[in-house]
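Engineer: Would you mind keeping the following structure in view while I ask a few things?
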Amino acid sequence: MTREHVFARWLVRRVHGARLIPSGAAAAERIARVTAGVCADCNAGWMSVLEDSFQRAVFARPRTGAIQAQDRIVLSRWFAKTAVLLAQTRGATLIGPAGRRLLVAGMPDGVEVFLARRRRPPQRLDFSFDAAVVAVQVDDLVAHVAAPGALASRHGTQLWPLRSHLLRWETLPVITAPHRSRSRRA
């Protein structure tokens, strides 16, 4: 096991997040310094590949047009992996061990991911917790990741599980308060 930064250095640099503090956080821990215990092989293997894929999906080209199925899977996995690690840093379990193992190559059953945009966010990297939902913001994208058995706030468009309808970057809903999800048990 190694201590690894939840938000990769490339991302912190990209969004100028070195000094940012999670909004609504009681403690003044900088987002760039949030770490979690991660298997060294996973960190250097599938997690590294997922980081590269996420970087390409979000920052390598303009976010216009259809969100391709492969990018939807990458976004879902990255936001889920990040939400799991963030929950772990707070002593919570968002997804159990069996579900975490499924993140290596796919998505665990029962996890929901909703995606939205936030215009002119006060900071470009942020996160928060509300019961069994973790909200993660990267640039102007906000994802709500709900644990199995919890229902996400429905703030956004359902990214996971994949649906057959076409998602477009331009038509993602715009939300104003990404960190106030109302989750409820199913």
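Chain labels follow the order of the structure tokens: the first chain is A, the next B, and so on; residue numbering restarts at 1 in every chain, and ligands are counted from 1 in their shown order.
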Check which residues of stretch 45-100 of chain A sit at most 7 Å from stretch 147-171 of chain A using only C-alpha atoms, and return one row each with the closest pair of atoms and their distance in Å to one decimal, ordered by chain and rising number, as CSV.
Structural biologist:
residue,atom,partner,partner_atom,distance
A:Arg63,CA,A:Trp169,CA,5.8
A:Thr64,CA,A:Trp169,CA,5.2
A:Gly65,CA,A:Arg168,CA,5.3
A:Ala66,CA,A:Arg168,CA,4.2
A:Ile67,CA,A:Arg168,CA,5.3
A:Arg72,CA,A:Leu159,CA,6.4
A:Ser76,CA,A:Trp160,CA,6.2
A:Leu94,CA,A:Ala147,CA,5.3
A:Ile95,CA,A:Ala147,CA,6.0
Engineer: Dump N, CA and C atoms for the selected residues as an mmCIF file, in the first residue's frame?
Structural biologist:
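Writing the result to selection.cif gives the following:
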data_model
loop_
_atom_site.group_PDB
_atom_site.id
_atom_site.type_symbol
_atom_site.label_atom_id
_atom_site.label_comp_id
_atom_site.auth_asym_id
_atom_site.auth_seq_id
_atom_site.Cartn_x
_atom_site.Cartn_y
_atom_site.Cartn_z
ATOM 1 N N ARG A 63 -14.874 20.399 -25.608
ATOM 2 C CA ARG A 63 -16.019 19.628 -25.127
ATOM 3 C C ARG A 63 -17.265 20.085 -25.862
ATOM 4 N N THR A 64 -17.372 19.630 -27.091
ATOM 5 C CA THR A 64 -18.531 19.910 -27.922
ATOM 6 C C THR A 64 -18.937 18.616 -28.607
ATOM 7 N N GLY A 65 -20.179 18.567 -29.025
ATOM 8 C CA GLY A 65 -20.666 17.386 -29.727
ATOM 9 C C GLY A 65 -21.052 16.272 -28.768
ATOM 10 N N ALA A 66 -21.218 15.115 -29.341
ATOM 11 C CA ALA A 66 -21.660 13.951 -28.571
ATOM 12 C C ALA A 66 -20.564 13.481 -27.614
ATOM 13 N N ILE A 67 -21.002 13.022 -26.454
ATOM 14 C CA ILE A 67 -20.083 12.365 -25.518
ATOM 15 C C ILE A 67 -20.111 10.894 -25.899
ATOM 16 N N ARG A 72 -17.848 8.216 -21.935
ATOM 17 C CA ARG A 72 -18.804 8.104 -20.832
ATOM 18 C C ARG A 72 -18.334 7.065 -19.816
ATOM 19 N N SER A 76 -17.206 7.987 -16.052
ATOM 20 C CA SER A 76 -17.875 7.280 -14.955
ATOM 21 C C SER A 76 -16.871 6.588 -14.044
ATOM 22 N N LEU A 94 -17.851 4.075 0.248
ATOM 23 C CA LEU A 94 -18.845 4.379 -0.774
ATOM 24 C C LEU A 94 -19.214 3.116 -1.551
ATOM 25 N N ILE A 95 -18.213 2.335 -1.881
ATOM 26 C CA ILE A 95 -18.386 1.090 -2.627
ATOM 27 C C ILE A 95 -17.567 0.022 -1.899
#
Engineer: Just the residues within 9 Å of A:Pro108, please, counting only C-alpha atoms, with nothing from its chain fewer than 6 positions along; format it as a PyMOL selection string.
Structural biologist: chain A and resi 95+98-102+148
Engineer: So, counting only C-alpha atoms, which residue among A:Ala87, A:Leu50, A:Ala146, A:Val138 is closest to A:Gly110?
Structural biologist: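 Smallest separation from A:Gly110 among the options: A:Ala146.
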Engineer: Write out as number ranges by chain all residues of stretch 10-119 of chain A that DSSP puts in strand (DSSP E or B) for this structure's backbone.
Structural biologist: A: 35-38, 66, 112-117
Engineer: Tell me, which residues of stretch 68-186 of chain A carry DSSP alpha helix (DSSP H), written as a PyMOL selection string?
Structural biologist: chain A and resi 69-89+97-102
Engineer: Only C-alpha atoms, please: the residues just picked out, written as a PDB file, in the first residue's frame.
Structural biologist:
ATOM      1  CA  ALA A  69     -19.775   5.848 -25.136  1.00  0.00           C
ATOM      2  CA  GLN A  70     -16.084   5.184 -24.456  1.00  0.00           C
ATOM      3  CA  ASP A  71     -15.660   8.649 -22.918  1.00  0.00           C
ATOM      4  CA  ARG A  72     -18.804   8.104 -20.832  1.00  0.00           C
ATOM      5  CA  ILE A  73     -17.254   4.946 -19.414  1.00  0.00           C
ATOM      6  CA  VAL A  74     -13.943   6.702 -18.718  1.00  0.00           C
ATOM      7  CA  LEU A  75     -15.697   9.624 -17.018  1.00  0.00           C
ATOM      8  CA  SER A  76     -17.875   7.280 -14.955  1.00  0.00           C
ATOM      9  CA  ARG A  77     -14.918   5.154 -13.827  1.00  0.00           C
ATOM     10  CA  TRP A  78     -12.710   8.154 -13.021  1.00  0.00           C
ATOM     11  CA  PHE A  79     -15.390   9.960 -11.021  1.00  0.00           C
ATOM     12  CA  ALA A  80     -16.323   6.704  -9.227  1.00  0.00           C
ATOM     13  CA  LYS A  81     -12.670   5.908  -8.417  1.00  0.00           C
ATOM     14  CA  THR A  82     -12.131   9.437  -7.161  1.00  0.00           C
ATOM     15  CA  ALA A  83     -15.328   9.372  -5.079  1.00  0.00           C
ATOM     16  CA  VAL A  84     -14.305   6.034  -3.516  1.00  0.00           C
ATOM     17  CA  LEU A  85     -10.918   7.454  -2.528  1.00  0.00           C
ATOM     18  CA  LEU A  86     -12.443  10.669  -1.181  1.00  0.00           C
ATOM     19  CA  ALA A  87     -14.922   8.684   0.924  1.00  0.00           C
ATOM     20  CA  GLN A  88     -12.034   6.541   2.192  1.00  0.00           C
ATOM     21  CA  THR A  89     -10.183   9.661   3.366  1.00  0.00           C
ATOM     22  CA  PRO A  97     -14.393  -4.311  -1.751  1.00  0.00           C
ATOM     23  CA  ALA A  98     -16.119  -6.374  -4.457  1.00  0.00           C
ATOM     24  CA  GLY A  99     -17.288  -3.220  -6.224  1.00  0.00           C
ATOM     25  CA  ARG A 100     -13.864  -1.593  -5.948  1.00  0.00           C
ATOM     26  CA  ARG A 101     -12.331  -4.626  -7.666  1.00  0.00           C
ATOM     27  CA  LEU A 102     -14.751  -4.124 -10.564  1.00  0.00           C
TER      28      LEU A 102
END
Engineer: Select, from A:Asp140, A:Asp41, A:Glu29, A:Glu51, the residue with the minimum atom-to-atom distance to A:Arg117, counting only C-alpha atoms.
Structural biologist: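 Nearest candidate to A:Arg117 out of A:Asp140, A:Asp41, A:Glu29, A:Glu51: A:Asp140.
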Engineer: With only C-alpha atoms as the counted atoms, please give the residues lying no more than 12 Å from A:Ala44, apart from itself and same-chain residues fewer than 5 positions off, as a VMD selection string.
Structural biologist: chain A and resid 1 to 2 4 38 to 39 49 to 52
Engineer: By how many Å are atom CA of A:Pro173 and atom CA of A:Arg30 apart?
Structural biologist: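 Interatomic distance, atom CA of A:Pro173 to atom CA of A:Arg30: 28.4 Å.
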Engineer: Near stretch 10-18 of chain A, counting only C-alpha atoms, which residues have an atom at most 8 Å away, once you skip same-chain residues fewer than 4 positions from it, shown as JSON, numbers by chain?
Structural biologist: {"A": [30, 31, 32, 123, 124, 125, 138, 139]}
Engineer: Would you output that residue set with C-alpha atoms, as a PDB file, in the first residue's frame?
Structural biologist:
ATOM      1  CA  ARG A  30      -5.857  21.656   0.775  1.00  0.00           C
ATOM      2  CA  ILE A  31      -7.440  19.605  -1.988  1.00  0.00           C
ATOM      3  CA  ALA A  32      -4.033  18.976  -3.556  1.00  0.00           C
ATOM      4  CA  GLN A 123     -12.948  27.199  -7.945  1.00  0.00           C
ATOM      5  CA  ARG A 124     -12.098  24.613 -10.586  1.00  0.00           C
ATOM      6  CA  LEU A 125     -11.450  21.645  -8.291  1.00  0.00           C
ATOM      7  CA  VAL A 138     -13.248  19.249 -12.153  1.00  0.00           C
ATOM      8  CA  ASP A 139     -13.117  22.477 -14.133  1.00  0.00           C
TER       9      ASP A 139
END
Engineer: A:Ser23: which residues within 9 Å, counting only C-alpha atoms, same-chain residues fewer than 4 positions away excluded, as a ChimeraX atom specification?
Structural biologist: /A:123,126-128,179
Engineer: Any chance you could export the current selection's C-alpha atoms as an mmCIF file, in the first residue's frame?
Structural biologist:
data_model
loop_
_atom_site.group_PDB
_atom_site.id
_atom_site.type_symbol
_atom_site.label_atom_id
_atom_site.label_comp_id
_atom_site.auth_asym_id
_atom_site.auth_seq_id
_atom_site.Cartn_x
_atom_site.Cartn_y
_atom_site.Cartn_z
ATOM 1 C CA GLN A 123 -12.948 27.199 -7.945
ATOM 2 C CA ASP A 126 -13.754 20.763 -5.423
ATOM 3 C CA PHE A 127 -15.574 17.936 -3.667
ATOM 4 C CA SER A 128 -18.128 17.271 -0.950
ATOM 5 C CA HIS A 179 -22.514 20.181 -3.464
#
Engineer: Which of these, A:Arg3, A:Arg33, A:His144, A:Arg19, has the shortest distance to A:Asp130 once you count only C-alpha atoms?
Structural biologist: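 Answer, going by the shortest atom-to-atom distance: A:His144.
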Engineer: Excluding A:Thr176 and its own-chain neighbours fewer than 3 positions away, which residues fall within 9 Å of it when counting only C-alpha atoms? Please give them as a short mmCIF file (atom, residue, chain, number, x, y, z; two decimals) with C-alpha atoms, in the first residue's frame.
Structural biologist:
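Contents of out21.cif, as written:
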data_model
loop_
_atom_site.label_atom_id
_atom_site.label_comp_id
_atom_site.auth_asym_id
_atom_site.auth_seq_id
_atom_site.Cartn_x
_atom_site.Cartn_y
_atom_site.Cartn_z
CA ARG A 117 -21.84 21.69 -15.73
CA ARG A 118 -21.35 24.66 -13.50
CA ARG A 119 -20.91 28.07 -15.07
CA PRO A 121 -17.44 27.97 -10.62
#
Engineer: Interatomic distance between atom CA of A:Gln55 and atom CA of A:Phe7?
Structural biologist: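 Computed distance, atom CA of A:Gln55 to atom CA of A:Phe7, equals 11.9 Å.
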Engineer: Point out the residue among A:Ala92, A:Val133, A:Met47, A:Ala57 with the least atom-to-atom distance to A:Ala105, counting only C-alpha atoms.
Structural biologist: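 Distance minimum relative to A:Ala105 lands on A:Met47.
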